[in-house]
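Have a look at target_14.pdb; it's PDB, C-alpha atoms:
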```
MODEL        1
ATOM      1  CA  MET Z   1     -58.584-119.184-224.716
ATOM      2  CA  PRO Z   2     -62.011-120.333-223.561
ATOM      3  CA  VAL Z   3     -63.152-121.600-220.220
ATOM      4  CA  THR Z   4     -66.189-123.823-220.760
ATOM      5  CA  LEU Z   5     -68.581-124.758-217.966
ATOM      6  CA  LYS Z   6     -70.492-127.997-218.547
ATOM      7  CA  LEU Z   7     -73.733-128.692-216.704
ATOM      8  CA  ALA Z   8     -75.775-131.893-216.888
ATOM      9  CA  THR Z   9     -79.032-131.405-215.004
ATOM     10  CA  SER Z  10     -82.683-132.161-214.623
ATOM     11  CA  LEU Z  11     -85.153-129.643-216.036
ATOM     12  CA  ASP Z  12     -85.130-127.841-212.688
ATOM     13  CA  GLY Z  13     -81.359-127.502-212.584
ATOM     14  CA  ARG Z  14     -80.490-130.360-210.216
ATOM     15  CA  ILE Z  15     -77.432-132.578-210.585
ATOM     16  CA  ALA Z  16     -78.326-135.201-207.976
ATOM     17  CA  THR Z  17     -80.984-136.243-205.508
ATOM     18  CA  ALA Z  18     -80.736-135.135-201.900
ATOM     19  CA  GLY Z  19     -78.976-138.444-201.176
ATOM     20  CA  GLY Z  20     -76.397-137.836-203.899
ATOM     21  CA  GLU Z  21     -77.666-140.200-206.619
ATOM     22  CA  SER Z  22     -76.695-138.768-209.993
ATOM     23  CA  ARG Z  23     -75.906-141.650-212.383
ATOM     24  CA  TRP Z  24     -77.272-141.195-214.837
ATOM     25  CA  ILE Z  25     -79.345-138.018-215.193
ATOM     26  CA  THR Z  26     -78.591-137.581-218.888
ATOM     27  CA  GLY Z  27     -78.640-140.335-221.490
ATOM     28  CA  PRO Z  28     -75.831-142.072-223.415
ATOM     29  CA  GLN Z  29     -75.965-139.726-226.409
ATOM     30  CA  ALA Z  30     -75.489-136.673-224.184
ATOM     31  CA  ARG Z  31     -72.646-138.374-222.327
ATOM     32  CA  ALA Z  32     -70.927-139.133-225.640
ATOM     33  CA  GLU Z  33     -71.126-135.448-226.560
ATOM     34  CA  VAL Z  34     -69.510-134.575-223.234
ATOM     35  CA  HIS Z  35     -66.588-136.846-224.119
ATOM     36  CA  ARG Z  36     -66.217-135.060-227.461
ATOM     37  CA  LEU Z  37     -66.191-131.734-225.640
ATOM     38  CA  ARG Z  38     -63.509-133.031-223.266
ATOM     39  CA  ALA Z  39     -61.379-133.973-226.253
ATOM     40  CA  ALA Z  40     -61.508-130.374-227.510
ATOM     41  CA  HIS Z  41     -59.969-128.985-224.313
ATOM     42  CA  ASP Z  42     -56.571-129.062-222.624
ATOM     43  CA  ALA Z  43     -57.880-129.952-219.164
ATOM     44  CA  VAL Z  44     -60.975-131.164-217.335
ATOM     45  CA  VAL Z  45     -61.548-129.402-213.998
ATOM     46  CA  VAL Z  46     -63.504-130.710-211.002
ATOM     47  CA  GLY Z  47     -63.633-129.994-207.281
ATOM     48  CA  ILE Z  48     -62.352-132.362-204.637
ATOM     49  CA  GLU Z  49     -65.887-133.229-203.490
ATOM     50  CA  THR Z  50     -66.693-134.572-206.966
ATOM     51  CA  ALA Z  51     -63.406-136.473-207.021
ATOM     52  CA  LEU Z  52     -64.126-138.048-203.638
ATOM     53  CA  ALA Z  53     -67.792-138.844-204.299
ATOM     54  CA  ASP Z  54     -67.493-140.223-207.844
ATOM     55  CA  ASP Z  55     -63.861-141.408-208.128
ATOM     56  CA  PRO Z  56     -63.971-140.410-211.824
ATOM     57  CA  ASP Z  57     -61.514-141.130-214.636
ATOM     58  CA  LEU Z  58     -62.189-137.800-216.403
ATOM     59  CA  THR Z  59     -60.784-139.227-219.623
ATOM     60  CA  VAL Z  60     -62.124-139.208-223.177
ATOM     61  CA  ARG Z  61     -63.743-142.583-223.731
ATOM     62  CA  LEU Z  62     -64.957-142.834-227.309
ATOM     63  CA  GLU Z  63     -64.474-145.842-229.565
ATOM     64  CA  ASP Z  64     -63.179-143.722-232.445
ATOM     65  CA  TYR Z  65     -60.932-141.437-230.378
ATOM     66  CA  ALA Z  66     -57.152-141.778-230.705
ATOM     67  CA  GLY Z  67     -56.071-138.259-229.758
ATOM     68  CA  PRO Z  68     -54.387-136.978-226.613
ATOM     69  CA  GLN Z  69     -56.126-137.113-223.261
ATOM     70  CA  PRO Z  70     -56.795-133.794-221.512
ATOM     71  CA  ALA Z  71     -55.126-133.242-218.173
ATOM     72  CA  ARG Z  72     -57.304-133.915-215.123
ATOM     73  CA  VAL Z  73     -57.371-131.010-212.651
ATOM     74  CA  VAL Z  74     -58.724-131.271-209.104
ATOM     75  CA  LEU Z  75     -59.342-128.138-207.037
ATOM     76  CA  ASP Z  76     -58.173-129.537-203.734
ATOM     77  CA  SER Z  77     -56.948-126.906-201.285
ATOM     78  CA  GLY Z  78     -56.280-129.504-198.568
ATOM     79  CA  GLN Z  79     -54.758-132.097-200.933
ATOM     80  CA  ARG Z  80     -57.271-134.746-199.892
ATOM     81  CA  LEU Z  81     -57.145-136.676-203.168
ATOM     82  CA  PRO Z  82     -56.569-140.315-202.124
ATOM     83  CA  LEU Z  83     -53.581-142.123-203.573
ATOM     84  CA  SER Z  84     -55.981-145.007-204.227
ATOM     85  CA  SER Z  85     -58.241-142.851-206.401
ATOM     86  CA  ARG Z  86     -58.373-143.452-210.133
ATOM     87  CA  LEU Z  87     -56.938-139.992-210.767
ATOM     88  CA  ALA Z  88     -53.874-140.469-208.580
ATOM     89  CA  ALA Z  89     -53.378-144.115-209.538
ATOM     90  CA  THR Z  90     -53.221-143.233-213.256
ATOM     91  CA  ALA Z  91     -51.329-139.943-212.908
ATOM     92  CA  ARG Z  92     -48.220-141.329-214.613
ATOM     93  CA  ARG Z  93     -50.313-142.298-217.661
ATOM     94  CA  THR Z  94     -52.580-139.254-217.883
ATOM     95  CA  ALA Z  95     -51.523-135.856-216.569
ATOM     96  CA  THR Z  96     -53.166-135.121-213.227
ATOM     97  CA  VAL Z  97     -52.936-131.766-211.479
ATOM     98  CA  VAL Z  98     -54.004-130.796-207.971
ATOM     99  CA  VAL Z  99     -54.506-127.092-207.302
ATOM    100  CA  ALA Z 100     -53.854-126.510-203.606
ATOM    101  CA  THR Z 101     -53.198-123.701-201.162
ATOM    102  CA  GLY Z 102     -50.376-125.276-199.145
ATOM    103  CA  PRO Z 103     -47.016-126.934-199.774
ATOM    104  CA  ALA Z 104     -47.129-129.857-202.191
ATOM    105  CA  SER Z 105     -47.816-133.272-200.665
ATOM    106  CA  PRO Z 106     -44.746-135.528-201.146
ATOM    107  CA  GLU Z 107     -47.078-138.523-201.465
ATOM    108  CA  LEU Z 108     -48.995-136.964-204.345
ATOM    109  CA  LEU Z 109     -45.770-135.926-206.042
ATOM    110  CA  ASP Z 110     -44.404-139.462-205.688
ATOM    111  CA  ALA Z 111     -47.572-140.761-207.362
ATOM    112  CA  GLY Z 112     -46.887-138.536-210.363
ATOM    113  CA  VAL Z 113     -49.459-135.853-209.546
ATOM    114  CA  GLN Z 114     -48.444-132.290-210.335
ATOM    115  CA  VAL Z 115     -49.311-129.965-207.450
ATOM    116  CA  ILE Z 116     -49.800-126.255-208.058
ATOM    117  CA  SER Z 117     -49.865-124.313-204.791
ATOM    118  CA  LEU Z 118     -51.524-120.908-204.897
ATOM    119  CA  GLY Z 119     -50.758-120.078-201.279
ATOM    120  CA  GLY Z 120     -53.218-118.553-198.855
ATOM    121  CA  GLY Z 121     -56.050-120.559-197.350
ATOM    122  CA  GLY Z 122     -59.588-121.668-198.089
ATOM    123  CA  ARG Z 123     -60.845-122.406-201.578
ATOM    124  CA  PRO Z 124     -58.579-121.293-204.434
ATOM    125  CA  ASP Z 125     -59.910-118.242-206.271
ATOM    126  CA  ALA Z 126     -61.202-119.270-209.699
ATOM    127  CA  ALA Z 127     -59.440-116.441-211.530
ATOM    128  CA  ALA Z 128     -56.155-117.404-209.876
ATOM    129  CA  VAL Z 129     -56.766-121.049-210.813
ATOM    130  CA  VAL Z 130     -57.285-120.116-214.467
ATOM    131  CA  ALA Z 131     -54.122-117.999-214.481
ATOM    132  CA  ALA Z 132     -52.072-120.740-212.803
ATOM    133  CA  LEU Z 133     -53.258-123.419-215.220
ATOM    134  CA  ARG Z 134     -52.547-121.219-218.197
ATOM    135  CA  GLY Z 135     -49.092-120.709-216.717
ATOM    136  CA  VAL Z 136     -48.415-124.433-217.236
ATOM    137  CA  GLY Z 137     -49.877-124.521-220.744
ATOM    138  CA  LEU Z 138     -53.461-125.545-219.943
ATOM    139  CA  ASP Z 139     -55.405-122.856-221.779
ATOM    140  CA  ARG Z 140     -58.695-124.487-222.803
ATOM    141  CA  LEU Z 141     -60.434-125.540-219.604
ATOM    142  CA  PHE Z 142     -63.523-127.749-219.392
ATOM    143  CA  VAL Z 143     -65.094-127.252-215.965
ATOM    144  CA  GLU Z 144     -67.352-130.128-214.937
ATOM    145  CA  GLY Z 145     -68.357-129.276-211.392
ATOM    146  CA  GLY Z 146     -69.890-129.638-208.937
ATOM    147  CA  GLY Z 147     -72.143-126.833-207.790
ATOM    148  CA  GLN Z 148     -69.642-124.886-205.688
ATOM    149  CA  VAL Z 149     -67.009-125.033-208.407
ATOM    150  CA  ALA Z 150     -69.522-123.878-211.021
ATOM    151  CA  ALA Z 151     -70.579-120.967-208.824
ATOM    152  CA  SER Z 152     -66.997-119.933-208.088
ATOM    153  CA  PHE Z 153     -66.078-119.774-211.794
ATOM    154  CA  LEU Z 154     -69.250-117.833-212.604
ATOM    155  CA  ARG Z 155     -68.702-115.411-209.724
ATOM    156  CA  ALA Z 156     -65.159-114.768-210.911
ATOM    157  CA  GLY Z 157     -66.401-113.921-214.414
ATOM    158  CA  VAL Z 158     -64.063-116.392-216.120
ATOM    159  CA  VAL Z 159     -66.654-118.619-217.846
ATOM    160  CA  ASP Z 160     -66.663-117.952-221.597
ATOM    161  CA  ARG Z 161     -69.078-120.707-222.661
ATOM    162  CA  LEU Z 162     -71.829-122.804-221.134
ATOM    163  CA  GLU Z 163     -72.638-126.276-222.444
ATOM    164  CA  TRP Z 164     -75.848-127.276-220.668
ATOM    165  CA  PHE Z 165     -77.414-130.718-221.017
ATOM    166  CA  ARG Z 166     -80.958-131.009-219.630
ATOM    167  CA  ALA Z 167     -82.691-134.301-219.016
ATOM    168  CA  PRO Z 168     -86.511-134.536-219.181
ATOM    169  CA  MET Z 169     -87.008-135.133-215.474
ATOM    170  CA  VAL Z 170     -87.760-133.061-212.394
ATOM    171  CA  ILE Z 171     -85.938-133.779-209.115
ATOM    172  CA  GLY Z 172     -87.266-131.012-206.869
ATOM    173  CA  GLY Z 173     -85.932-128.470-204.430
ATOM    174  CA  GLU Z 174     -84.314-130.993-202.104
ATOM    175  CA  GLY Z 175     -82.016-132.122-204.934
ATOM    176  CA  ARG Z 176     -78.487-130.793-205.267
ATOM    177  CA  PRO Z 177     -78.287-127.661-207.427
ATOM    178  CA  ALA Z 178     -76.005-127.450-210.447
ATOM    179  CA  ILE Z 179     -74.804-124.015-209.332
ATOM    180  CA  GLY Z 180     -74.116-123.135-205.718
ATOM    181  CA  ASP Z 181     -74.620-119.812-203.959
ATOM    182  CA  MET Z 182     -73.758-116.776-206.086
ATOM    183  CA  ALA Z 183     -74.266-114.134-203.359
ATOM    184  CA  LEU Z 184     -76.115-111.855-205.799
ATOM    185  CA  GLU Z 185     -78.042-108.931-204.352
ATOM    186  CA  VAL Z 186     -79.271-107.378-207.626
ATOM    187  CA  LEU Z 187     -80.136-108.886-211.012
ATOM    188  CA  GLY Z 188     -77.730-106.508-212.704
ATOM    189  CA  ALA Z 189     -74.841-108.401-211.136
ATOM    190  CA  ALA Z 190     -75.906-111.760-212.614
ATOM    191  CA  PRO Z 191     -73.614-113.238-215.286
ATOM    192  CA  ARG Z 192     -75.339-113.061-218.651
ATOM    193  CA  PHE Z 193     -74.990-115.279-221.698
ATOM    194  CA  ARG Z 194     -76.222-115.379-225.289
ATOM    195  CA  ARG Z 195     -77.717-118.625-226.569
ATOM    196  CA  LEU Z 196     -75.809-119.997-229.551
ATOM    197  CA  ASP Z 197     -77.569-123.266-230.239
ATOM    198  CA  VAL Z 198     -80.206-125.693-228.992
ATOM    199  CA  ARG Z 199     -80.361-129.289-230.191
ATOM    200  CA  SER Z 200     -81.763-132.643-229.170
ATOM    201  CA  VAL Z 201     -79.367-135.417-228.160
ATOM    202  CA  GLY Z 202     -81.369-138.576-227.601
ATOM    203  CA  SER Z 203     -84.065-137.690-225.085
ATOM    204  CA  ASP Z 204     -82.053-134.748-223.686
ATOM    205  CA  LEU Z 205     -81.656-131.113-224.695
ATOM    206  CA  TRP Z 206     -78.220-129.550-225.310
ATOM    207  CA  GLU Z 207     -77.973-125.771-225.061
ATOM    208  CA  SER Z 208     -74.828-123.771-225.859
ATOM    209  CA  TYR Z 209     -74.222-120.227-224.623
ATOM    210  CA  GLU Z 210     -71.429-117.662-224.748
ATOM    211  CA  ARG Z 211     -70.741-114.883-222.283
ATOM    212  CA  ILE Z 212     -72.006-111.449-223.218
TER     213      ILE Z 212
ENDMDL
END
```
Produce structure tokens that represent the structure in this file.
Amino acid sequence: MPVTLKLATSLDGRIATAGGESRWITGPQARAEVHRLRAAHDAVVVGIETALADDPDLTVRLEDYAGPQPARVVLDSGQRLPLSSRLAATARRTATVVVATGPASPELLDAGVQVISLGGGGRPDAAAVVAALRGVGLDRLFVEGGGQVAASFLRAGVVDRLEWFRAPMVIGGEGRPAIGDMALEVLGAAPRFRRLDVRSVGSDLWESYERI
């Protein structure tokens, strides 16, 4: 089943200013399409830095939507997700999963958060994350970022589709990139994709790609 990476960027591939301002780069029509994409997946995946910086809901919020909510997955090796965060505070209403590398935090478990421990140390390997989530029935993954998470999934070769929303603005080199370091030494090692569609959504551009 597909792993989809969503990017919402400026024309030069930035997701925030150097100071971290990112709301909103894309317009309301593009954001509505992102919610529809969320609804088509089993889980929305973000890194702990995004969870800490934005305190997101990661739910489908559309007026005409009455279907199930995707699970919210946080890649959080150190289990730093605050109990006061929206994700933890609503974990008993909407499935919330923390992917960690150590023993499960009793506090997170008590809050209703499911903790999947992959063992080891450092950042969880993206391929292992995908396998672990599929092991609990979360097959269709919608990866929303940030830059290090996007890079890790691309490096691992597990991204099947790209949904890229580009806003008509330029932020510049000091802005935060949508994709972190890939450690590529030759172009032949770069992940490659085939463009499926390009369409306008409000003032933004939406490009869809699939892995070659």
*When you draw a straight line from CA of Ala95 in chain Z to CA of Gly78 in chain Z, how long is it in Å?*
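Atom-to-atom, CA of Ala95 in chain Z to CA of Gly78 in chain Z, that is 19.7 Å.
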*Kindly resolve the PyMOL selection byres ((chain Z and resi 206) around 9) on the present coordinates and return the residues as a list in words.*
Ala30, Glu163, Trp164, Phe165, Arg166, Asp197, Val198, Arg199, Ser200, Val201, Asp204, Leu205, Glu207 and Ser208 of chain Z
_range 168-172 of chain Z environment, 12 Å, all atoms listed in the file, sequence neighbours closer than 3 positions dropped, as an MDAnalysis selection string_ = chainID Z and resid 8:22 24:27 165 175:178 200:206
*For the point (-53.4, -135.0, -217.7) in file coordinates, what residues are within 7 Å, counting all atoms listed in the file? Give the answer as a list in words?*
Ala43, Gln69, Pro70, Ala71, Arg72, Thr94, Ala95 and Thr96 of chain Z
_Atom-to-atom span, CA of Pro191 in chain Z and CA of Ala156 in chain Z, Å_ = 9.6 Å
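Among Z:Val34, Z:Ala66, Z:Ala104, Z:Leu75, the residue with the shortest atom-to-atom distance to Ala51 in chain Z, counting all atoms listed in the file, is Z:Leu75.
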Can you spell out as a PDB file with C-alpha atoms, in the frame of the given file the set of residues that the PyMOL selection byres ((chain Z and resi 60) around 6) selects in the structure I just provided?
```
ATOM      1  CA  HIS Z  35     -66.588-136.846-224.119  1.00  0.00           C
ATOM      2  CA  THR Z  59     -60.784-139.227-219.623  1.00  0.00           C
ATOM      3  CA  ARG Z  61     -63.743-142.583-223.731  1.00  0.00           C
TER       4      ARG Z  61
END
```
_Test item: the PyMOL selection byres ((chain Z and resi 87) around 9) resolved as a ChimeraX atom specification_ = /Z:51,55-58,72,81-86,88-91,94-96,113
*For Gly180 in chain Z, which residue out of Z:Arg92, Z:His41, Z:Arg155, Z:Arg36 is the nearest one, using only C-alpha atoms?*
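Using only C-alpha atoms, Gly180 in chain Z sits closest to Z:Arg155.
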_With distances taken over all atoms listed in the file, which residue among Z:Leu196, Z:Ala131, Z:Leu52, Z:Val186 lies nearest Val158 in chain Z?_
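Counting all atoms listed in the file, the residue closest to Val158 in chain Z is Z:Ala131.
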*Report the distance between CA of Ala127 in chain Z and CA of Ala39 in chain Z in Å, rounded to one decimal place.*
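Going from CA of Ala127 in chain Z over to CA of Ala39 in chain Z covers 23.0 Å.
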